[in-house]
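Presented below is the structure to which this report refers.
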Amino acid sequence: MSAFAPFVARHIGPSPAEQEKMLKLLGFSSLDAFIDEVVPSDIRRKDGMAKLPAPLNEADALAALRKLADKNKVFRSLIGQGYYGTVVPPVILRNVLENPGWYTSYTPYQPEISQGRLEALLNFQTMVCDLTAMDIANASLLDEATAAAEAMALAHRQSKAKSNVFLVDQRVHPQTIDVLLTRAGYQGIEISVLDCSGELPDDYFGILVQYPDTHGHVADYRELVEKVHGKDAVVVVATDLLALTILTPPGEWGADIVVGNSQRFGVPLGFGGPHAAFMSTRDSFKRSMPGRLVGISQDSHGKPAYRLALQTREQHIRREKATSNLCTAQALLAIMSGLYAAWHGAEGLRDIGVRVHQLTTQLALSLEKHHFKFTYEHFFDTLHIDVGSRADTIMQRALEAGYNLRRIDANCIGISLDEQSTEAEVKLLIAIFSGRTDDDIKLEKPQAMLPAFAVRRSTYLTHPVFKQYRSETAMMRYLRKLSDWDLALDRTMIPLGSCTMKLNAASEMMPVTWTQFTDIHPFAPLDQSEGYREMFGQLEAMLCEVTGYDAASLQPNSGASGEYAGLLTIRAYHDSRGDSHRDICLIPQSAHGTNPASAAMAGMQVVVVACDEDGDIDIADLLAKAEEHKDRLAAVMVTYPSTHGIFERNIRELCAIIHGYGGQVYLDGANLNAQVGLAAPGHYGSDVSHLNLHKTFAIPHGGGGPGVGPIVVKEHLKPFLPGHSVVPLEHRGGMTVSAAPWGSALVNVIPWMYIRMMGAKGLEQASAVAILNANYIAARLKGTYEVLYSDAGGHVAHECIIDVRPFKDSAGISVDDFAKRLMDYGFHAPTMSFPVPGTLMVEPTESEDLGELDRFCDAMLAIREEIRRVENGEWTHEDNPLVNAPHTMADLTGDWNHCYDRKTAVYPVEGMNPSKYMTPVNRVDNVYGDRHLICTCPSPLDYQ
Ligand SMILES: *Cc1c(COP(=O)(O)O)cnc(C)c1O
């Protein structure tokens, strides 16, 4: 098959012959007959998604996308406002961003197979702590604006001040203020935007300032901080990591929470994202901090090992009481930024910071010579210049030279220099401003123009990890070492239920690094992003056709962000009809933790609906709750097929009941992989869904992000789709949920490629095979294990739940032991304890072929036989390969005093891959790590 052969055969794992074999085992003569049986006929769509364009092969799809890319115009953007030019180090570009070993890995919930990315994320946290001079940092947030909103919520939780007012300085980035206004809305927080150098009101619980501010000014906030702390209120600072290489960090002048975007540390602009935002805080806030936190614990042999810390704070456990709804974050981008810091080290970063600042001083002083006046005396990289009536002319001259500047208002222009800036560029800018065309523009001498209060004296990035990898050979090997520690899709299936870890094809990924997509500033003039916007239009239309909805928004940066955005459309719709009192959200017991967490963020009260013993939503209970709350019913949030992996037969009825009581239906689209082409939520009664493009539509998971969580809505909700004040979006009057108008714009090329190459038939076939694969696994494991939940015909949808709870009593074997033992067999564990505690949920996806499915089933069956040896006393409860799993090379080469042999430990079945994966650490102790919390790179002495 060439690049001109249909792509679908590359994407779908099982060959037609293999599918036939599997169908035979299930007792069906054809895939169609099988699907007819599994998917309820009353929701089955038969239109063949006729509006999708015909499929393209890989070469033609790339060519078609190239045409769109060529409609973008790559200008040099000095707009700043949170997004800056940067140089992605090629060693990181090629070995991380373009390397499936990094981008196809999952969120590191299983620490033993995730030590590489956990170390990389710990580097990121250490970098953020050091540069901001704070105690503790998390492993990324979605963007700077949502990070500021999370900080506001954290401040609200922590502050002892009895007030609901949050002060925001007027010179915070405007897109951040927009998202703050959105988040405050249903949280009972009142935002007051003011000039923080003037009078402050009497009562408030916190304040947000930007440092340097959006116009580039570096202010001395020390007095302000004292005043705010005197009120028991919390100081939040939005800042810029590159500036902090030479500016006094916020932690040294009293900040309580620091947020920002790490984009300019080696992550392309990408028209607004994805980039990793960060948050660092004082130690006392850590238990209330949102997002994931990497920490150091120890393994069962007392060796240091990384793992995610304080997970009980997260929405998975705390649901509507969680600190945030954040699930997928920006792991891959955080990893890139942390590695950028390791690559340059403190001296290298400082050099970049100094150079950018000095070029900016040269620009400022030279402009002054030409009678321009920069407004603020103290700046790092950004100038605010009042040019009076010349603004239009200067902006025009800049465009003609291929430059975007920031138009602040009628008379003022902003310029932000960056890592890519040179003296030649500064000269060109002076020519643009002065109108001079001769070549001998003389630059003023660079000067240090920072006031004493702003000069950083403290050191940072002193840990060896920021010193050891300066040669490319050393960095290349470091990256290889880390990715070798990890188990990603490039080595094995990742059968995580609900997460849909399918193929992320190379042809889908290639456009991610095309400069026409990477090098566009989100606030560039719209005529420079025509290709992007045409691509978005096509993607939105295709997603609507796939889901049966009428309009889409690509703004949300994750599934959970989509949930929040979708619930906001529901609230706005009720508000528009005078139904503002509708604030009750019904959520089934089995829902994903983000659902109740998002509902709480949207100011809704969660009412839990029971599930019956088959795992289906208890319709009688739903009816009773809807009746009980009929006056205040806002919405129901359901996942379909259910989180139990079942096509419930009464989904139409459920939607009708909710509508009957005046509520709206929110259908969580995370499980869309079971229904693309087979059924469409918009056709059977749902009003709004989010989609996880990083599940169903082939965006890789990146070790925990990026994600794209667009919402799709019926016509009546369309006016409430997220808008944006910096870049007005047509027909979208809703609240802003992300910093960038199109969210994580860059990675939308992936689903575009996926849908264009699969076509309607290919997508439908993918869903069918995903269901076939899950049912095949269920069928092979039935008899040995109980498969919890199936429909009346005994079938599951695209995932199945394996009950391993009985082995706790029979052999002392826990679900953890299964997960860890599977690592010895070379597998990533399935989803553990969701939606049913103590069980495993397996989702193979359509991309895994029969050989891989059988390998997994054989491993599961072999593990059952191992348990039998514990049950019959051959092995003890305390010493058997399951409780000791995973086994490491150190185990094999050290003393061996187990009641099973080494071969059983690491080559338990015949025919295992000779290049077998081994975890670098033994089982990691979570409890120890949470008791002795360490979330930055430890001193090298600690390792000894
Ligand atoms: C993955 C998932 C989500 C959350 O999506 P994120 O992108 O991780 O925020 C919500 N609901 C369900 C059922 C999911 O599986």
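Ordering of the structure tokens sets the chain letters (A, B, ...), residue numbers begin anew at 1 in every chain, and ligands are numbered from 1 in the order given.
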Close residues, Pro596 in chain A itself excluded, 10 Å, only C-alpha atoms, min 2 positions apart in chain, as a list in words: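 Near Pro596 in chain A, the qualifying residues are Gln315, His316, Arg318, Arg319, Glu320, Lys321, Ala322, Asn325, Glu563, Cys585, Leu586, Ile587, Pro588, Gln589, Ala591, His592, Gly593, Thr594, Ser598, Ala599, Ala600, Met601, Ala602, Met604, Gln605, Val606, Val607, Val608 and Met637 of chain A.
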Can you list every residue of chain A that has an atom at most 9 Å from ligand 1, with its nearest atom pair and the distance in Å to one decimal, using only C-alpha atoms and all ligand atoms, ordered by chain then number, as a tab-separated table?
```
residue	atom	partner	partner_atom_place_in_ligand_line	distance
A:Asn325	CA	ligand 1	9 (O)	7.6
A:Leu326	CA	ligand 1	9 (O)	6.0
A:Cys327	CA	ligand 1	8 (O)	4.3
A:Thr328	CA	ligand 1	8 (O)	3.7
A:Ala329	CA	ligand 1	8 (O)	7.5
A:Gly497	CA	ligand 1	15 (O)	7.8
A:Ser498	CA	ligand 1	15 (O)	4.2
A:Cys499	CA	ligand 1	15 (O)	5.5
A:Thr500	CA	ligand 1	15 (O)	8.2
A:Asn557	CA	ligand 1	7 (O)	7.8
A:Ser558	CA	ligand 1	7 (O)	4.0
A:Gly559	CA	ligand 1	7 (O)	3.3
A:Ala560	CA	ligand 1	9 (O)	3.6
A:Ser561	CA	ligand 1	9 (O)	6.3
A:Gly562	CA	ligand 1	9 (O)	7.7
A:Glu563	CA	ligand 1	10 (C)	7.7
A:Ala591	CA	ligand 1	13 (C)	6.9
A:His592	CA	ligand 1	13 (C)	5.0
A:Gly593	CA	ligand 1	11 (N)	7.4
A:Thr594	CA	ligand 1	10 (C)	5.6
A:Asn595	CA	ligand 1	11 (N)	6.6
A:Val638	CA	ligand 1	13 (C)	8.9
A:Thr639	CA	ligand 1	13 (C)	6.1
A:Tyr640	CA	ligand 1	13 (C)	8.5
A:Ser642	CA	ligand 1	13 (C)	8.3
A:Thr643	CA	ligand 1	13 (C)	6.2
A:Asp668	CA	ligand 1	11 (N)	5.9
A:Gly669	CA	ligand 1	13 (C)	7.2
A:Ala670	CA	ligand 1	14 (C)	4.7
A:Asn671	CA	ligand 1	13 (C)	6.5
A:His690	CA	ligand 1	10 (C)	8.5
A:Leu691	CA	ligand 1	5 (O)	8.4
A:Asn692	CA	ligand 1	7 (O)	5.7
A:Leu693	CA	ligand 1	7 (O)	8.3
A:His694	CA	ligand 1	7 (O)	7.1
A:Lys695	CA	ligand 1	1 (C)	7.6
A:Gly704	CA	ligand 1	8 (O)	8.0
A:Gly705	CA	ligand 1	7 (O)	7.9
A:Pro706	CA	ligand 1	7 (O)	8.5
A:Gly707	CA	ligand 1	7 (O)	5.7
A:Val708	CA	ligand 1	7 (O)	7.0
A:Gly709	CA	ligand 1	7 (O)	6.2
```
Polymer residues at most 12 Å from Gly873 in chain A, only C-alpha atoms, same-chain spacing of 6 or more positions, as a PDB file with all heavy atoms, in the first residue's frame:
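As written to disk, out_20.pdb reads:
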```pdb
ATOM      1  N   SER A 810     -10.116 -14.251  47.776  1.00  0.00           N
ATOM      2  CA  SER A 810      -9.630 -15.595  47.487  1.00  0.00           C
ATOM      3  C   SER A 810      -8.110 -15.691  47.557  1.00  0.00           C
ATOM      4  O   SER A 810      -7.569 -16.745  47.848  1.00  0.00           O
ATOM      5  CB  SER A 810     -10.115 -16.060  46.109  1.00  0.00           C
ATOM      6  OG  SER A 810      -9.383 -15.415  45.090  1.00  0.00           O
ATOM      7  N   ALA A 811      -7.403 -14.573  47.292  1.00  0.00           N
ATOM      8  CA  ALA A 811      -5.941 -14.680  47.232  1.00  0.00           C
ATOM      9  C   ALA A 811      -5.223 -13.421  47.714  1.00  0.00           C
ATOM     10  O   ALA A 811      -4.003 -13.331  47.592  1.00  0.00           O
ATOM     11  CB  ALA A 811      -5.511 -15.001  45.802  1.00  0.00           C
ATOM     12  N   GLY A 812      -5.975 -12.474  48.227  1.00  0.00           N
ATOM     13  CA  GLY A 812      -5.344 -11.237  48.692  1.00  0.00           C
ATOM     14  C   GLY A 812      -4.818 -10.384  47.557  1.00  0.00           C
ATOM     15  O   GLY A 812      -3.934  -9.551  47.753  1.00  0.00           O
ATOM     16  N   GLU A 866      -2.044 -17.560  37.638  1.00  0.00           N
ATOM     17  CA  GLU A 866      -1.114 -17.209  38.720  1.00  0.00           C
ATOM     18  C   GLU A 866      -1.870 -17.060  40.046  1.00  0.00           C
ATOM     19  O   GLU A 866      -1.413 -17.516  41.092  1.00  0.00           O
ATOM     20  CB  GLU A 866      -0.362 -15.915  38.399  1.00  0.00           C
ATOM     21  CG  GLU A 866       0.610 -16.062  37.224  1.00  0.00           C
ATOM     22  CD  GLU A 866       1.340 -14.766  36.864  1.00  0.00           C
ATOM     23  OE1 GLU A 866       0.898 -13.681  37.292  1.00  0.00           O
ATOM     24  OE2 GLU A 866       2.338 -14.850  36.137  1.00  0.00           O
ATOM     25  N   ILE A 867      -3.031 -16.437  39.947  1.00  0.00           N
ATOM     26  CA  ILE A 867      -3.827 -16.259  41.165  1.00  0.00           C
ATOM     27  C   ILE A 867      -4.234 -17.622  41.739  1.00  0.00           C
ATOM     28  O   ILE A 867      -4.235 -17.838  42.945  1.00  0.00           O
ATOM     29  CB  ILE A 867      -5.069 -15.388  40.879  1.00  0.00           C
ATOM     30  CG1 ILE A 867      -4.618 -13.963  40.519  1.00  0.00           C
ATOM     31  CG2 ILE A 867      -6.013 -15.362  42.077  1.00  0.00           C
ATOM     32  CD1 ILE A 867      -5.720 -13.065  40.041  1.00  0.00           C
ATOM     33  N   ASP A 879       4.162 -13.468  49.187  1.00  0.00           N
ATOM     34  CA  ASP A 879       5.222 -13.610  48.200  1.00  0.00           C
ATOM     35  C   ASP A 879       4.704 -14.312  46.966  1.00  0.00           C
ATOM     36  O   ASP A 879       4.616 -15.543  46.908  1.00  0.00           O
ATOM     37  CB  ASP A 879       6.410 -14.388  48.799  1.00  0.00           C
ATOM     38  CG  ASP A 879       7.577 -14.450  47.831  1.00  0.00           C
ATOM     39  OD1 ASP A 879       7.745 -13.476  47.059  1.00  0.00           O
ATOM     40  OD2 ASP A 879       8.320 -15.459  47.833  1.00  0.00           O
ATOM     41  N   ASN A 880       4.329 -13.524  45.993  1.00  0.00           N
ATOM     42  CA  ASN A 880       3.917 -14.070  44.700  1.00  0.00           C
ATOM     43  C   ASN A 880       4.168 -12.990  43.655  1.00  0.00           C
ATOM     44  O   ASN A 880       4.369 -11.820  43.996  1.00  0.00           O
ATOM     45  CB  ASN A 880       2.440 -14.512  44.759  1.00  0.00           C
ATOM     46  CG  ASN A 880       1.500 -13.351  45.034  1.00  0.00           C
ATOM     47  OD1 ASN A 880       1.381 -12.444  44.211  1.00  0.00           O
ATOM     48  ND2 ASN A 880       0.839 -13.351  46.205  1.00  0.00           N
ATOM     49  N   CYS A 899       9.392 -17.492  46.139  1.00  0.00           N
ATOM     50  CA  CYS A 899       8.949 -18.864  45.932  1.00  0.00           C
ATOM     51  C   CYS A 899       8.596 -19.134  44.465  1.00  0.00           C
ATOM     52  O   CYS A 899       8.034 -20.153  44.113  1.00  0.00           O
ATOM     53  CB  CYS A 899       7.787 -19.196  46.856  1.00  0.00           C
ATOM     54  SG  CYS A 899       6.388 -18.110  46.667  1.00  0.00           S
TER      55      CYS A 899
END
```
Per-residue DSSP, range 603-842 of chain A, filtered to helix (DSSP H, G or I), as a short mmCIF file (atom, residue, chain, number, x, y, z; two decimals) with N, CA and C atoms, in the first residue's frame:
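Final output, result35.cif:
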```cif
data_model
loop_
_atom_site.label_atom_id
_atom_site.label_comp_id
_atom_site.auth_asym_id
_atom_site.auth_seq_id
_atom_site.Cartn_x
_atom_site.Cartn_y
_atom_site.Cartn_z
N ILE A 619 -34.25 5.02 35.63
CA ILE A 619 -35.17 6.00 35.03
C ILE A 619 -36.23 6.45 36.05
N ALA A 620 -36.63 5.53 36.91
CA ALA A 620 -37.63 5.90 37.92
C ALA A 620 -37.05 6.96 38.85
N ASP A 621 -35.80 6.78 39.24
CA ASP A 621 -35.16 7.76 40.11
C ASP A 621 -34.98 9.10 39.39
N LEU A 622 -34.61 9.02 38.10
CA LEU A 622 -34.45 10.23 37.30
C LEU A 622 -35.76 11.01 37.25
N LEU A 623 -36.85 10.26 37.01
CA LEU A 623 -38.16 10.89 36.94
C LEU A 623 -38.52 11.55 38.27
N ALA A 624 -38.26 10.82 39.33
CA ALA A 624 -38.59 11.34 40.66
C ALA A 624 -37.80 12.60 40.96
N LYS A 625 -36.51 12.59 40.63
CA LYS A 625 -35.67 13.76 40.92
C LYS A 625 -36.07 14.94 40.02
N ALA A 626 -36.39 14.63 38.77
CA ALA A 626 -36.80 15.70 37.85
C ALA A 626 -38.10 16.34 38.36
N GLU A 627 -39.00 15.49 38.82
CA GLU A 627 -40.28 15.98 39.35
C GLU A 627 -40.04 16.81 40.61
N GLU A 628 -39.22 16.27 41.50
CA GLU A 628 -38.96 16.96 42.77
C GLU A 628 -38.36 18.35 42.53
N ILE A 651 -32.21 6.02 26.09
CA ILE A 651 -31.60 7.35 26.07
C ILE A 651 -32.57 8.39 25.50
N ARG A 652 -33.37 7.99 24.50
CA ARG A 652 -34.35 8.92 23.93
C ARG A 652 -35.38 9.33 24.99
N GLU A 653 -35.82 8.34 25.73
CA GLU A 653 -36.82 8.57 26.78
C GLU A 653 -36.24 9.53 27.82
N LEU A 654 -34.97 9.28 28.20
CA LEU A 654 -34.32 10.12 29.20
C LEU A 654 -34.31 11.58 28.74
N CYS A 655 -33.91 11.80 27.49
CA CYS A 655 -33.86 13.17 26.97
C CYS A 655 -35.26 13.80 27.01
N ALA A 656 -36.26 13.02 26.63
CA ALA A 656 -37.62 13.55 26.60
C ALA A 656 -38.10 13.92 28.00
N ILE A 657 -37.75 13.11 28.99
CA ILE A 657 -38.16 13.41 30.36
C ILE A 657 -37.59 14.76 30.79
N ILE A 658 -36.30 14.94 30.55
CA ILE A 658 -35.65 16.19 30.97
C ILE A 658 -36.27 17.38 30.26
N HIS A 659 -36.49 17.25 28.96
CA HIS A 659 -37.12 18.36 28.22
C HIS A 659 -38.52 18.64 28.75
N GLY A 660 -39.20 17.58 29.13
CA GLY A 660 -40.54 17.73 29.66
C GLY A 660 -40.58 18.59 30.92
N GLY A 669 -19.49 13.70 25.58
CA GLY A 669 -19.12 13.01 24.34
C GLY A 669 -17.83 12.21 24.41
N ALA A 670 -17.32 11.99 25.64
CA ALA A 670 -16.05 11.27 25.74
C ALA A 670 -16.14 9.87 25.12
N ASN A 671 -17.33 9.30 25.11
CA ASN A 671 -17.49 7.96 24.57
C ASN A 671 -17.98 7.94 23.12
N LEU A 672 -17.75 9.04 22.44
CA LEU A 672 -18.23 9.14 21.06
C LEU A 672 -17.63 8.07 20.15
N ASN A 673 -16.49 7.52 20.55
CA ASN A 673 -15.84 6.54 19.68
C ASN A 673 -16.71 5.32 19.43
N ALA A 674 -17.73 5.14 20.27
CA ALA A 674 -18.62 3.99 20.04
C ALA A 674 -19.75 4.32 19.08
N GLU A 715 -29.20 24.42 17.54
CA GLU A 715 -29.38 25.80 17.09
C GLU A 715 -29.69 26.78 18.23
N HIS A 716 -30.59 26.38 19.17
CA HIS A 716 -31.05 27.35 20.18
C HIS A 716 -29.94 27.76 21.14
N LEU A 717 -28.86 26.97 21.21
CA LEU A 717 -27.76 27.33 22.12
C LEU A 717 -26.64 28.08 21.40
N LYS A 718 -26.74 28.14 20.09
CA LYS A 718 -25.67 28.72 19.28
C LYS A 718 -25.30 30.15 19.70
N PRO A 719 -26.29 31.00 19.99
CA PRO A 719 -25.91 32.39 20.35
C PRO A 719 -25.05 32.46 21.59
N PHE A 720 -25.00 31.38 22.37
CA PHE A 720 -24.28 31.43 23.65
C PHE A 720 -22.92 30.73 23.60
N ALA A 745 -5.44 25.99 19.06
CA ALA A 745 -5.65 26.03 17.61
C ALA A 745 -4.78 25.04 16.84
N LEU A 746 -3.50 25.03 17.18
CA LEU A 746 -2.52 24.28 16.37
C LEU A 746 -2.89 22.81 16.19
N VAL A 747 -3.29 22.15 17.27
CA VAL A 747 -3.48 20.71 17.17
C VAL A 747 -4.80 20.31 16.51
N ASN A 748 -5.59 21.31 16.10
CA ASN A 748 -6.79 20.98 15.34
C ASN A 748 -6.47 20.43 13.95
N VAL A 749 -5.22 20.59 13.52
CA VAL A 749 -4.86 19.96 12.24
C VAL A 749 -5.00 18.44 12.33
N ILE A 750 -4.84 17.89 13.54
CA ILE A 750 -4.84 16.42 13.69
C ILE A 750 -6.24 15.84 13.42
N PRO A 751 -7.27 16.31 14.13
CA PRO A 751 -8.61 15.79 13.81
C PRO A 751 -9.04 16.11 12.38
N TRP A 752 -8.59 17.26 11.86
CA TRP A 752 -8.94 17.59 10.47
C TRP A 752 -8.40 16.50 9.55
N MET A 753 -7.12 16.16 9.73
CA MET A 753 -6.51 15.11 8.90
C MET A 753 -7.22 13.78 9.12
N TYR A 754 -7.51 13.48 10.37
CA TYR A 754 -8.13 12.19 10.69
C TYR A 754 -9.48 12.04 9.97
N ILE A 755 -10.31 13.06 10.10
CA ILE A 755 -11.65 12.95 9.51
C ILE A 755 -11.57 12.95 7.98
N ARG A 756 -10.67 13.82 7.45
CA ARG A 756 -10.56 13.89 5.99
C ARG A 756 -10.05 12.57 5.41
N MET A 757 -9.17 11.89 6.14
CA MET A 757 -8.62 10.64 5.59
C MET A 757 -9.56 9.46 5.81
N MET A 758 -10.29 9.48 6.91
CA MET A 758 -11.18 8.34 7.19
C MET A 758 -12.44 8.39 6.34
N GLY A 759 -13.00 9.60 6.16
CA GLY A 759 -14.26 9.71 5.44
C GLY A 759 -15.39 9.09 6.23
N ALA A 760 -16.62 9.27 5.76
CA ALA A 760 -17.79 8.80 6.50
C ALA A 760 -17.75 7.28 6.72
N LYS A 761 -17.48 6.56 5.67
CA LYS A 761 -17.48 5.09 5.79
C LYS A 761 -16.38 4.61 6.72
N GLY A 762 -15.21 5.24 6.59
CA GLY A 762 -14.07 4.84 7.42
C GLY A 762 -14.35 5.11 8.90
N LEU A 763 -14.96 6.25 9.18
CA LEU A 763 -15.27 6.58 10.57
C LEU A 763 -16.28 5.60 11.15
N GLU A 764 -17.27 5.30 10.33
CA GLU A 764 -18.31 4.37 10.80
C GLU A 764 -17.69 2.99 11.06
N GLN A 765 -16.79 2.61 10.17
CA GLN A 765 -16.13 1.32 10.33
C GLN A 765 -15.26 1.32 11.59
N ALA A 766 -14.62 2.46 11.87
CA ALA A 766 -13.78 2.55 13.07
C ALA A 766 -14.63 2.31 14.31
N SER A 767 -15.81 2.94 14.37
CA SER A 767 -16.69 2.73 15.53
C SER A 767 -17.07 1.27 15.64
N ALA A 768 -17.44 0.69 14.49
CA ALA A 768 -17.89 -0.71 14.49
C ALA A 768 -16.77 -1.62 14.98
N VAL A 769 -15.55 -1.38 14.51
CA VAL A 769 -14.45 -2.26 14.91
C VAL A 769 -14.06 -2.00 16.37
N ALA A 770 -14.19 -0.76 16.82
CA ALA A 770 -13.92 -0.48 18.24
C ALA A 770 -14.87 -1.31 19.10
N ILE A 771 -16.13 -1.39 18.69
CA ILE A 771 -17.12 -2.18 19.43
C ILE A 771 -16.81 -3.68 19.31
N LEU A 772 -16.42 -4.06 18.10
CA LEU A 772 -16.06 -5.47 17.89
C LEU A 772 -14.88 -5.87 18.78
N ASN A 773 -13.85 -5.05 18.80
CA ASN A 773 -12.66 -5.36 19.59
C ASN A 773 -13.01 -5.50 21.08
N ALA A 774 -13.83 -4.59 21.58
CA ALA A 774 -14.20 -4.66 23.00
C ALA A 774 -14.99 -5.92 23.29
N ASN A 775 -15.91 -6.25 22.38
CA ASN A 775 -16.71 -7.46 22.61
C ASN A 775 -15.89 -8.73 22.47
N TYR A 776 -14.89 -8.68 21.61
CA TYR A 776 -13.99 -9.83 21.48
C TYR A 776 -13.25 -10.06 22.79
N ILE A 777 -12.71 -8.99 23.36
CA ILE A 777 -12.00 -9.13 24.64
C ILE A 777 -12.95 -9.64 25.71
N ALA A 778 -14.14 -9.04 25.76
CA ALA A 778 -15.12 -9.48 26.77
C ALA A 778 -15.41 -10.97 26.60
N ALA A 779 -15.57 -11.40 25.35
CA ALA A 779 -15.91 -12.81 25.09
C ALA A 779 -14.77 -13.73 25.50
N ARG A 780 -13.55 -13.31 25.20
CA ARG A 780 -12.42 -14.18 25.55
C ARG A 780 -12.20 -14.26 27.05
N LEU A 781 -12.52 -13.19 27.76
CA LEU A 781 -12.26 -13.20 29.20
C LEU A 781 -13.42 -13.74 30.02
N PRO A 806 -13.27 -10.27 43.36
CA PRO A 806 -13.30 -11.54 44.11
C PRO A 806 -11.93 -12.03 44.54
N PHE A 807 -10.88 -11.63 43.85
CA PHE A 807 -9.55 -12.19 44.15
C PHE A 807 -8.94 -11.58 45.41
N LYS A 808 -9.56 -10.52 45.88
CA LYS A 808 -9.10 -9.93 47.14
C LYS A 808 -9.32 -10.96 48.26
N ASP A 809 -10.51 -11.52 48.25
CA ASP A 809 -10.82 -12.52 49.29
C ASP A 809 -10.13 -13.84 49.03
N SER A 810 -10.12 -14.25 47.78
CA SER A 810 -9.63 -15.60 47.49
C SER A 810 -8.11 -15.69 47.56
N ALA A 811 -7.40 -14.57 47.29
CA ALA A 811 -5.94 -14.68 47.23
C ALA A 811 -5.22 -13.42 47.71
N VAL A 815 -6.83 -4.88 42.78
CA VAL A 815 -6.84 -4.34 41.41
C VAL A 815 -5.48 -3.72 41.10
N ASP A 816 -4.82 -3.16 42.10
CA ASP A 816 -3.47 -2.62 41.90
C ASP A 816 -2.50 -3.71 41.46
N ASP A 817 -2.60 -4.87 42.12
CA ASP A 817 -1.71 -5.97 41.77
C ASP A 817 -1.87 -6.36 40.30
N PHE A 818 -3.12 -6.35 39.83
CA PHE A 818 -3.36 -6.62 38.40
C PHE A 818 -2.65 -5.59 37.53
N ALA A 819 -2.87 -4.32 37.88
CA ALA A 819 -2.30 -3.25 37.06
C ALA A 819 -0.78 -3.38 37.00
N LYS A 820 -0.19 -3.66 38.14
CA LYS A 820 1.28 -3.72 38.18
C LYS A 820 1.80 -4.99 37.52
N ARG A 821 1.07 -6.09 37.68
CA ARG A 821 1.52 -7.35 37.08
C ARG A 821 1.44 -7.27 35.55
N LEU A 822 0.44 -6.55 35.05
CA LEU A 822 0.35 -6.39 33.59
C LEU A 822 1.60 -5.73 33.04
N MET A 823 2.24 -4.87 33.84
CA MET A 823 3.49 -4.23 33.40
C MET A 823 4.57 -5.28 33.14
N ASP A 824 4.63 -6.30 33.99
CA ASP A 824 5.61 -7.38 33.77
C ASP A 824 5.34 -8.09 32.45
#
```
Residue nearest Leu861 in chain A - candidates A:Arg902, A:Ser686, A:Arg533, A:Thr784, atoms counted: only C-alpha atoms: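 Of all the options, A:Thr784 lies closest to Leu861 in chain A.
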Give me, as an MDAnalysis selection string, all polymer residues having an atom no more than 12 Å from range 392-395 of chain A, counting only C-alpha atoms and skipping those fewer than 3 positions away in the same chain. chainID A and resid 78:79 385:389 398:415 429:436 525
Env of Ile257 in chain A: 8 Å cut, atoms = only C-alpha atoms, seq-sep filter 6 positions within chain, self excluded. Answer as a ChimeraX atom specification. /A:151,234-237,279-282
Could you work out how far CA of Glu534 in chain A lies from CA of Ala69 in chain A, giving the answer in Å with one decimal? 9.7 Å
Range 238-243 of chain A surroundings by only C-alpha atoms, 7 Å radius, close-in-sequence under 2 positions cut, as number ranges by chain: A: 131, 209-212, 236, 245-247, 258-262, 353, 380
Excluding range 827-831 of chain A and its own-chain neighbours fewer than 5 positions away, which residues fall within 7 Å of it when counting only C-alpha atoms? Please give them as a PyMOL selection string. chain A and resi 487+492-497+819+822+840-842
DSSP strand (DSSP E) residues within range 399-635 of chain A, as a PyMOL selection string: chain A and resi 403-404+406-407+412-416+551-553+584-588+605-609+633-635
With C-alpha atoms retained, write the just-selected residues as a CSV table (one decimal), in the first residue's frame.
```
chain,number,residue,atom,x,y,z
A,403,TYR,CA,5.7,42.9,11.1
A,404,ASN,CA,2.7,42.8,13.5
A,406,ARG,CA,0.2,45.7,19.1
A,407,ARG,CA,-2.3,48.5,18.5
A,412,CYS,CA,-0.6,53.9,21.4
A,413,ILE,CA,1.4,51.1,20.0
A,414,GLY,CA,3.0,48.2,21.9
A,415,ILE,CA,6.1,46.3,20.9
A,416,SER,CA,7.4,43.1,22.6
A,551,ALA,CA,-22.8,24.7,15.6
A,552,ALA,CA,-19.5,24.2,17.3
A,553,SER,CA,-16.9,26.1,19.3
A,584,ILE,CA,-30.1,22.1,39.4
A,585,CYS,CA,-28.0,19.6,37.4
A,586,LEU,CA,-28.9,15.9,37.6
A,587,ILE,CA,-25.9,13.7,37.3
A,588,PRO,CA,-25.8,9.9,37.5
A,605,GLN,CA,-26.3,22.3,42.5
A,606,VAL,CA,-25.6,18.7,41.7
A,607,VAL,CA,-28.4,16.1,42.4
A,608,VAL,CA,-27.2,12.5,42.0
A,609,VAL,CA,-29.3,10.1,40.1
A,633,LEU,CA,-34.2,21.9,36.8
A,634,ALA,CA,-31.4,23.2,34.6
A,635,ALA,CA,-29.9,20.1,33.0
```
Using only C-alpha atoms, which of the listed residues (A:Ala61, A:Leu365, A:Met289, A:Cys935) sits closest to Phe4 in chain A?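 Checking each candidate against Phe4 in chain A, we get A:Ala61 as the closest.
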